[in-house]
file work-v8.cif (mmCIF, C-alpha atoms; chains and numbers go by the auth columns)
data_work
loop_
_atom_site.group_PDB
_atom_site.id
_atom_site.type_symbol
_atom_site.label_atom_id
_atom_site.label_comp_id
_atom_site.label_asym_id
_atom_site.label_seq_id
_atom_site.Cartn_x
_atom_site.Cartn_y
_atom_site.Cartn_z
_atom_site.B_iso_or_equiv
_atom_site.auth_seq_id
_atom_site.auth_asym_id
ATOM 1 C CA MET A 1 10.808 -13.186 8.256 0.00 124 A
ATOM 2 C CA ASN A 2 9.259 -11.363 11.212 0.00 125 A
ATOM 3 C CA LYS A 3 9.543 -7.805 10.030 0.00 126 A
ATOM 4 C CA SER A 4 7.987 -6.313 6.988 0.00 127 A
ATOM 5 C CA VAL A 5 10.456 -5.039 4.404 0.00 128 A
ATOM 6 C CA PHE A 6 9.819 -1.810 2.552 0.00 129 A
ATOM 7 C CA TYR A 7 11.653 -1.593 -0.765 0.00 130 A
ATOM 8 C CA HIS A 8 11.989 1.798 -2.353 0.00 131 A
ATOM 9 C CA ALA A 9 14.270 3.718 -4.686 0.00 132 A
ATOM 10 C CA GLY A 10 14.412 7.158 -3.142 0.00 133 A
ATOM 11 C CA CYS A 11 11.727 8.692 -5.335 0.00 134 A
ATOM 12 C CA PRO A 12 9.442 11.334 -3.791 0.00 135 A
ATOM 13 C CA VAL A 13 6.473 8.935 -3.930 0.00 136 A
ATOM 14 C CA CYS A 14 8.637 6.351 -2.138 0.00 137 A
ATOM 15 C CA ILE A 15 9.718 8.682 0.660 0.00 138 A
ATOM 16 C CA SER A 16 6.173 9.837 1.282 0.00 139 A
ATOM 17 C CA ALA A 17 4.886 6.262 1.455 0.00 140 A
ATOM 18 C CA GLU A 18 7.793 5.299 3.715 0.00 141 A
ATOM 19 C CA GLN A 19 6.861 7.958 6.256 0.00 142 A
ATOM 20 C CA ASP A 20 3.208 6.938 6.159 0.00 143 A
ATOM 21 C CA LEU A 21 3.994 3.268 6.651 0.00 144 A
ATOM 22 C CA ILE A 22 6.447 3.894 9.470 0.00 145 A
ATOM 23 C CA SER A 23 3.839 5.882 11.346 0.00 146 A
ATOM 24 C CA LEU A 24 1.177 3.236 10.706 0.00 147 A
ATOM 25 C CA ILE A 25 3.161 0.071 11.372 0.00 148 A
ATOM 26 C CA GLY A 26 5.838 1.374 13.703 0.00 149 A
ATOM 27 C CA GLU A 27 9.479 1.925 12.888 0.00 150 A
ATOM 28 C CA THR A 28 10.609 -1.211 14.702 0.00 151 A
ATOM 29 C CA ASN A 29 8.347 -3.404 12.575 0.00 152 A
ATOM 30 C CA VAL A 30 9.663 -2.531 9.164 0.00 153 A
ATOM 31 C CA ALA A 31 13.089 -2.737 7.553 0.00 154 A
ATOM 32 C CA ILE A 32 13.754 -0.109 4.900 0.00 155 A
ATOM 33 C CA VAL A 33 15.781 -1.022 1.824 0.00 156 A
ATOM 34 C CA ASN A 34 16.702 1.558 -0.813 0.00 157 A
ATOM 35 C CA ILE A 35 17.398 -0.555 -3.886 0.00 158 A
ATOM 36 C CA GLY A 36 18.453 2.567 -5.749 0.00 159 A
ATOM 37 C CA GLU A 37 21.472 2.719 -3.413 0.00 160 A
ATOM 38 C CA GLU A 38 21.784 -0.935 -2.366 0.00 161 A
ATOM 39 C CA ARG A 39 21.728 -2.229 -5.902 0.00 162 A
ATOM 40 C CA SER A 40 22.854 -5.708 -4.887 0.00 163 A
ATOM 41 C CA ARG A 41 19.443 -6.151 -3.298 0.00 164 A
ATOM 42 C CA ILE A 42 17.484 -5.556 -6.506 0.00 165 A
ATOM 43 C CA SER A 43 17.584 -9.277 -7.285 0.00 166 A
ATOM 44 C CA GLU A 44 16.419 -10.099 -3.754 0.00 167 A
ATOM 45 C CA ALA A 45 13.409 -7.852 -4.254 0.00 168 A
ATOM 46 C CA GLU A 46 12.682 -9.398 -7.639 0.00 169 A
ATOM 47 C CA GLU A 47 12.847 -12.911 -6.211 0.00 170 A
ATOM 48 C CA LEU A 48 10.313 -11.957 -3.550 0.00 171 A
ATOM 49 C CA GLY A 49 8.001 -10.789 -6.330 0.00 172 A
ATOM 50 C CA VAL A 50 8.424 -7.027 -6.119 0.00 173 A
ATOM 51 C CA LYS A 51 7.387 -5.540 -9.477 0.00 174 A
ATOM 52 C CA SER A 52 7.569 -1.846 -8.641 0.00 175 A
ATOM 53 C CA VAL A 53 8.605 0.444 -5.828 0.00 176 A
ATOM 54 C CA PRO A 54 7.596 1.476 -3.294 0.00 177 A
ATOM 55 C CA ALA A 55 6.460 -1.966 -2.138 0.00 178 A
ATOM 56 C CA LEU A 56 5.970 -3.545 1.250 0.00 179 A
ATOM 57 C CA VAL A 57 6.684 -7.249 1.692 0.00 180 A
ATOM 58 C CA THR A 58 4.663 -8.437 4.694 0.00 181 A
ATOM 59 C CA PRO A 59 5.961 -10.962 7.247 0.00 182 A
ATOM 60 C CA ASN A 60 3.927 -13.686 5.519 0.00 183 A
ATOM 61 C CA GLY A 61 5.467 -12.880 2.152 0.00 184 A
ATOM 62 C CA ASN A 62 2.594 -10.995 0.569 0.00 185 A
ATOM 63 C CA ILE A 63 3.482 -7.915 -1.417 0.00 186 A
ATOM 64 C CA LEU A 64 1.699 -4.613 -1.244 0.00 187 A
ATOM 65 C CA HIS A 65 2.682 -2.475 -4.217 0.00 188 A
ATOM 66 C CA ILE A 66 1.958 1.101 -3.159 0.00 189 A
ATOM 67 C CA ASN A 67 1.421 4.317 -5.143 0.00 190 A
ATOM 68 C CA TYR A 68 3.366 3.330 -8.226 0.00 191 A
ATOM 69 C CA GLY A 69 6.722 5.117 -8.216 0.00 192 A
ATOM 70 C CA ALA A 70 8.962 3.154 -10.536 0.00 193 A
ATOM 71 C CA SER A 71 9.150 -0.332 -11.984 0.00 194 A
ATOM 72 C CA ILE A 72 12.059 -2.579 -11.060 0.00 195 A
ATOM 73 C CA GLU A 73 13.205 -2.298 -14.666 0.00 196 A
ATOM 74 C CA GLU A 74 13.367 1.487 -14.289 0.00 197 A
ATOM 75 C CA VAL A 75 15.413 1.137 -11.113 0.00 198 A
ATOM 76 C CA LYS A 76 17.836 -1.168 -12.944 0.00 199 A
ATOM 77 C CA GLY A 77 18.198 1.643 -15.488 0.00 200 A
ATOM 78 C CA MET B 1 -9.677 11.522 11.517 0.00 149 B
ATOM 79 C CA ASN B 2 -7.752 9.303 13.933 0.00 150 B
ATOM 80 C CA LYS B 3 -8.211 5.960 12.246 0.00 151 B
ATOM 81 C CA SER B 4 -7.032 5.000 8.830 0.00 152 B
ATOM 82 C CA VAL B 5 -9.808 4.153 6.390 0.00 153 B
ATOM 83 C CA PHE B 6 -9.422 1.261 3.972 0.00 154 B
ATOM 84 C CA TYR B 7 -11.637 1.583 0.893 0.00 155 B
ATOM 85 C CA HIS B 8 -12.189 -1.512 -1.179 0.00 156 B
ATOM 86 C CA ALA B 9 -14.744 -3.035 -3.496 0.00 157 B
ATOM 87 C CA GLY B 10 -14.769 -6.692 -2.546 0.00 158 B
ATOM 88 C CA CYS B 11 -12.355 -7.802 -5.256 0.00 159 B
ATOM 89 C CA PRO B 12 -9.933 -10.648 -4.437 0.00 160 B
ATOM 90 C CA VAL B 13 -6.971 -8.230 -4.545 0.00 161 B
ATOM 91 C CA CYS B 14 -8.889 -6.002 -2.101 0.00 162 B
ATOM 92 C CA ILE B 15 -9.643 -8.767 0.383 0.00 163 B
ATOM 93 C CA SER B 16 -6.055 -9.970 0.376 0.00 164 B
ATOM 94 C CA ALA B 17 -4.726 -6.449 0.970 0.00 165 B
ATOM 95 C CA GLU B 18 -7.331 -5.916 3.688 0.00 166 B
ATOM 96 C CA GLN B 19 -6.143 -8.939 5.630 0.00 167 B
ATOM 97 C CA ASP B 20 -2.514 -7.878 5.270 0.00 168 B
ATOM 98 C CA LEU B 21 -3.194 -4.345 6.456 0.00 169 B
ATOM 99 C CA ILE B 22 -5.305 -5.464 9.416 0.00 170 B
ATOM 100 C CA SER B 23 -2.509 -7.696 10.596 0.00 171 B
ATOM 101 C CA LEU B 24 0.094 -4.944 10.093 0.00 172 B
ATOM 102 C CA ILE B 25 -1.782 -1.960 11.501 0.00 173 B
ATOM 103 C CA GLY B 26 -4.168 -3.664 13.897 0.00 174 B
ATOM 104 C CA GLU B 27 -7.899 -4.130 13.432 0.00 175 B
ATOM 105 C CA THR B 28 -8.774 -1.324 15.857 0.00 176 B
ATOM 106 C CA ASN B 29 -6.750 1.205 13.873 0.00 177 B
ATOM 107 C CA VAL B 30 -8.476 0.888 10.541 0.00 178 B
ATOM 108 C CA ALA B 31 -12.077 1.324 9.413 0.00 179 B
ATOM 109 C CA ILE B 32 -13.071 -0.843 6.463 0.00 180 B
ATOM 110 C CA VAL B 33 -15.449 0.552 3.837 0.00 181 B
ATOM 111 C CA ASN B 34 -16.682 -1.574 0.929 0.00 182 B
ATOM 112 C CA ILE B 35 -17.724 1.014 -1.639 0.00 183 B
ATOM 113 C CA GLY B 36 -19.021 -1.783 -3.852 0.00 184 B
ATOM 114 C CA GLU B 37 -21.729 -2.346 -1.238 0.00 185 B
ATOM 115 C CA GLU B 38 -21.904 1.078 0.415 0.00 186 B
ATOM 116 C CA ARG B 39 -22.261 2.944 -2.839 0.00 187 B
ATOM 117 C CA SER B 40 -23.236 6.171 -1.147 0.00 188 B
ATOM 118 C CA ARG B 41 -19.652 6.412 0.091 0.00 189 B
ATOM 119 C CA ILE B 42 -18.092 6.370 -3.383 0.00 190 B
ATOM 120 C CA SER B 43 -18.244 10.176 -3.532 0.00 191 B
ATOM 121 C CA GLU B 44 -16.646 10.427 -0.073 0.00 192 B
ATOM 122 C CA ALA B 45 -13.746 8.317 -1.291 0.00 193 B
ATOM 123 C CA GLU B 46 -13.421 10.412 -4.448 0.00 194 B
ATOM 124 C CA GLU B 47 -13.373 13.637 -2.445 0.00 195 B
ATOM 125 C CA LEU B 48 -10.545 12.285 -0.295 0.00 196 B
ATOM 126 C CA GLY B 49 -8.587 11.596 -3.481 0.00 197 B
ATOM 127 C CA VAL B 50 -9.028 7.849 -3.855 0.00 198 B
ATOM 128 C CA LYS B 51 -8.408 6.946 -7.511 0.00 199 B
ATOM 129 C CA SER B 52 -8.520 3.170 -7.270 0.00 200 B
ATOM 130 C CA VAL B 53 -9.251 0.447 -4.766 0.00 201 B
ATOM 131 C CA PRO B 54 -7.943 -0.974 -2.576 0.00 202 B
ATOM 132 C CA ALA B 55 -6.650 2.237 -1.009 0.00 203 B
ATOM 133 C CA LEU B 56 -5.745 3.243 2.509 0.00 204 B
ATOM 134 C CA VAL B 57 -6.362 6.805 3.646 0.00 205 B
ATOM 135 C CA THR B 58 -4.006 7.502 6.543 0.00 206 B
ATOM 136 C CA PRO B 59 -4.949 9.568 9.612 0.00 207 B
ATOM 137 C CA ASN B 60 -3.093 12.558 8.120 0.00 208 B
ATOM 138 C CA GLY B 61 -5.034 12.298 4.864 0.00 209 B
ATOM 139 C CA ASN B 62 -2.393 10.722 2.662 0.00 210 B
ATOM 140 C CA ILE B 63 -3.547 8.008 0.327 0.00 211 B
ATOM 141 C CA LEU B 64 -1.792 4.732 -0.260 0.00 212 B
ATOM 142 C CA HIS B 65 -3.142 3.099 -3.405 0.00 213 B
ATOM 143 C CA ILE B 66 -2.332 -0.581 -3.054 0.00 214 B
ATOM 144 C CA ASN B 67 -2.067 -3.417 -5.573 0.00 215 B
ATOM 145 C CA TYR B 68 -4.379 -1.962 -8.209 0.00 216 B
ATOM 146 C CA GLY B 69 -7.711 -3.765 -8.081 0.00 217 B
ATOM 147 C CA ALA B 70 -10.200 -1.467 -9.769 0.00 218 B
ATOM 148 C CA SER B 71 -10.532 2.208 -10.589 0.00 219 B
ATOM 149 C CA ILE B 72 -13.284 4.246 -8.961 0.00 220 B
ATOM 150 C CA GLU B 73 -14.853 4.533 -12.419 0.00 221 B
ATOM 151 C CA GLU B 74 -15.003 0.754 -12.659 0.00 222 B
ATOM 152 C CA VAL B 75 -16.640 0.551 -9.233 0.00 223 B
ATOM 153 C CA LYS B 76 -19.261 3.078 -10.362 0.00 224 B
ATOM 154 C CA GLY B 77 -19.958 0.749 -13.298 0.00 225 B
#
call {"tool": "encode", "arguments": {"input": "work-v8.cif", "output": "structure tokens"}}
result
Amino acid sequence: MNKSVFYHAGCPVCISAEQDLISLIGETNVAIVNIGEERSRISEAEELGVKSVPALVTPNGNILHINYGASIEEVKG
Amino acid sequence: MNKSVFYHAGCPVCISAEQDLISLIGETNVAIVNIGEERSRISEAEELGVKSVPALVTPNGNILHINYGASIEEVKG
């Protein structure tokens, strides 16, 4: 994994954090995944260790949970 | 404010997030402030809106609270 992956669920907190991270890291360095829409990727996020969104998974696999928006359980609904 | 400012308090969660952010954003783009050591800057962080550490204040003043380590109240002790 060379890019960071930003998982979010479309919440206002998520969108705000997404814009901040894109401007900090650079759009080409981060893949954006909306697990509210791409629900098949919820399990992928869980397996990586994402507990809540928005969260950034770094290229080395560390997870930065940012400004708590929603837990994965809430996204599952 | 052109640089981001990363406020932390020396906790293991803080140090881990610090290393991740430095590698993502670049060391020259972020100022690191340990409010556990530089206690006079606790009020500065509070005024910016930092509620817990580690937190990154972006150049436009947004705050990304990351992987909850400790509340500002806990840092005040």
call {"tool": "interface_residues", "arguments": {"input": "work-v8.cif", "of": "chain B", "to": "chain A", "cutoff": "8 Å", "atoms": "only C-alpha atoms", "output": "PDB file with C-alpha atoms, keeping the file's coordinate frame"}}
result
ATOM      1  CA  ALA B 165      -4.726  -6.449   0.970  1.00  0.00           C
ATOM      2  CA  ASP B 168      -2.514  -7.878   5.270  1.00  0.00           C
ATOM      3  CA  LEU B 172       0.094  -4.944  10.093  1.00  0.00           C
ATOM      4  CA  ILE B 173      -1.782  -1.960  11.501  1.00  0.00           C
ATOM      5  CA  THR B 206      -4.006   7.502   6.543  1.00  0.00           C
ATOM      6  CA  ASN B 210      -2.393  10.722   2.662  1.00  0.00           C
ATOM      7  CA  LEU B 212      -1.792   4.732  -0.260  1.00  0.00           C
ATOM      8  CA  HIS B 213      -3.142   3.099  -3.405  1.00  0.00           C
ATOM      9  CA  ILE B 214      -2.332  -0.581  -3.054  1.00  0.00           C
ATOM     10  CA  ASN B 215      -2.067  -3.417  -5.573  1.00  0.00           C
TER      11      ASN B 215
END
call {"tool": "resolve_selection", "arguments": {"input": "work-v8.cif", "expression": "the PyMOL selection byres ((chain A and resi 164) around 12)", "output": "number ranges by chain"}}
result
A: 128, 130-132, 155-163, 165-171, 173, 195, 198-199
call {"tool": "atom_distance", "arguments": {"input": "work-v8.cif", "atom1": "CA of Glu221 (chain B)", "atom2": "CA of Asn150 (chain B)"}}
result
27.7 Å
call {"tool": "atom_distance", "arguments": {"input": "work-v8.cif", "atom1": "CA of Cys137 (chain A)", "atom2": "CA of Pro177 (chain A)"}}
result
5.1 Å
call {"tool": "axis_aligned_box", "arguments": {"input": "work-v8.cif", "around": "region 152-170 of chain A", "padding_each_side": "5 Å", "output": "JSON"}}
result
{"center_x": 15.6, "center_y": -5.1, "center_z": 2.5, "size_x": 24.5, "size_y": 25.6, "size_z": 30.2}
call {"tool": "closest_residue", "arguments": {"input": "work-v8.cif", "among": "A:Ser194, A:Phe129, A:Ser175, A:Pro135", "to": "Glu150 (chain A)", "atoms": "only C-alpha atoms"}}
result
A:Phe129
call {"tool": "atom_distance", "arguments": {"input": "work-v8.cif", "atom1": "CA of Ile145 (chain A)", "atom2": "CA of Lys199 (chain B)"}}
result
22.8 Å
call {"tool": "decode", "arguments": {"input": "work-v8.cif", "residues": "region 190-208 of chain B", "atoms": "N, CA, C and O atoms", "output": "tab-separated table (two decimals), in the first residue's frame"}}
result
chain	number	residue	atom	x	y	z
B	190	ILE	N	-0.73	25.60	26.85
B	190	ILE	CA	-2.02	24.92	26.98
B	190	ILE	C	-3.16	25.88	26.64
B	190	ILE	O	-4.10	25.53	25.91
B	191	SER	N	-3.08	27.11	27.14
B	191	SER	CA	-4.17	28.07	26.90
B	191	SER	C	-4.25	28.45	25.42
B	191	SER	O	-5.34	28.64	24.88
B	192	GLU	N	-3.10	28.53	24.76
B	192	GLU	CA	-3.08	28.77	23.31
B	192	GLU	C	-3.84	27.68	22.58
B	192	GLU	O	-4.69	27.96	21.71
B	193	ALA	N	-3.57	26.44	22.95
B	193	ALA	CA	-4.26	25.32	22.30
B	193	ALA	C	-5.75	25.39	22.56
B	193	ALA	O	-6.57	25.21	21.64
B	194	GLU	N	-6.12	25.69	23.80
B	194	GLU	CA	-7.55	25.79	24.15
B	194	GLU	C	-8.23	26.87	23.34
B	194	GLU	O	-9.36	26.68	22.85
B	195	GLU	N	-7.55	28.01	23.19
B	195	GLU	CA	-8.16	29.12	22.45
B	195	GLU	C	-8.37	28.76	20.98
B	195	GLU	O	-9.32	29.22	20.35
B	196	LEU	N	-7.51	27.93	20.44
B	196	LEU	CA	-7.66	27.50	19.05
B	196	LEU	C	-8.80	26.49	18.90
B	196	LEU	O	-9.28	26.25	17.80
B	197	GLY	N	-9.21	25.89	20.03
B	197	GLY	CA	-10.31	24.94	19.99
B	197	GLY	C	-9.90	23.50	20.19
B	197	GLY	O	-10.70	22.59	19.98
B	198	VAL	N	-8.66	23.29	20.61
B	198	VAL	CA	-8.19	21.93	20.85
B	198	VAL	C	-8.85	21.37	22.11
B	198	VAL	O	-8.78	21.98	23.17
B	199	LYS	N	-9.53	20.23	21.96
B	199	LYS	CA	-10.26	19.62	23.08
B	199	LYS	C	-9.49	18.45	23.68
B	199	LYS	O	-9.70	18.07	24.82
B	200	SER	N	-8.69	17.80	22.82
B	200	SER	CA	-7.93	16.65	23.28
B	200	SER	C	-6.65	16.57	22.47
B	200	SER	O	-6.54	17.21	21.41
B	201	VAL	N	-5.70	15.83	22.97
B	201	VAL	CA	-4.46	15.61	22.23
B	201	VAL	C	-4.32	14.13	21.93
B	201	VAL	O	-4.81	13.31	22.69
B	202	PRO	N	-3.64	13.75	20.86
B	202	PRO	CA	-3.05	14.63	19.87
B	202	PRO	C	-4.09	15.30	18.98
B	202	PRO	O	-5.15	14.74	18.71
B	203	ALA	N	-3.75	16.51	18.52
B	203	ALA	CA	-4.62	17.24	17.61
B	203	ALA	C	-3.76	18.04	16.64
B	203	ALA	O	-2.70	18.55	17.01
B	204	LEU	N	-4.23	18.12	15.42
B	204	LEU	CA	-3.53	18.90	14.40
B	204	LEU	C	-4.39	20.11	14.04
B	204	LEU	O	-5.55	19.96	13.67
B	205	VAL	N	-3.81	21.29	14.19
B	205	VAL	CA	-4.50	22.51	13.75
B	205	VAL	C	-3.96	22.83	12.36
B	205	VAL	O	-2.75	23.00	12.17
B	206	THR	N	-4.85	22.85	11.38
B	206	THR	CA	-4.43	23.04	9.99
B	206	THR	C	-4.17	24.52	9.72
B	206	THR	O	-4.56	25.38	10.51
B	207	PRO	N	-3.49	24.84	8.60
B	207	PRO	CA	-3.19	26.24	8.31
B	207	PRO	C	-4.44	27.12	8.23
B	207	PRO	O	-4.37	28.32	8.48
B	208	ASN	N	-5.60	26.54	7.89
B	208	ASN	CA	-6.82	27.35	7.84
B	208	ASN	C	-7.59	27.35	9.16
B	208	ASN	O	-8.70	27.87	9.23
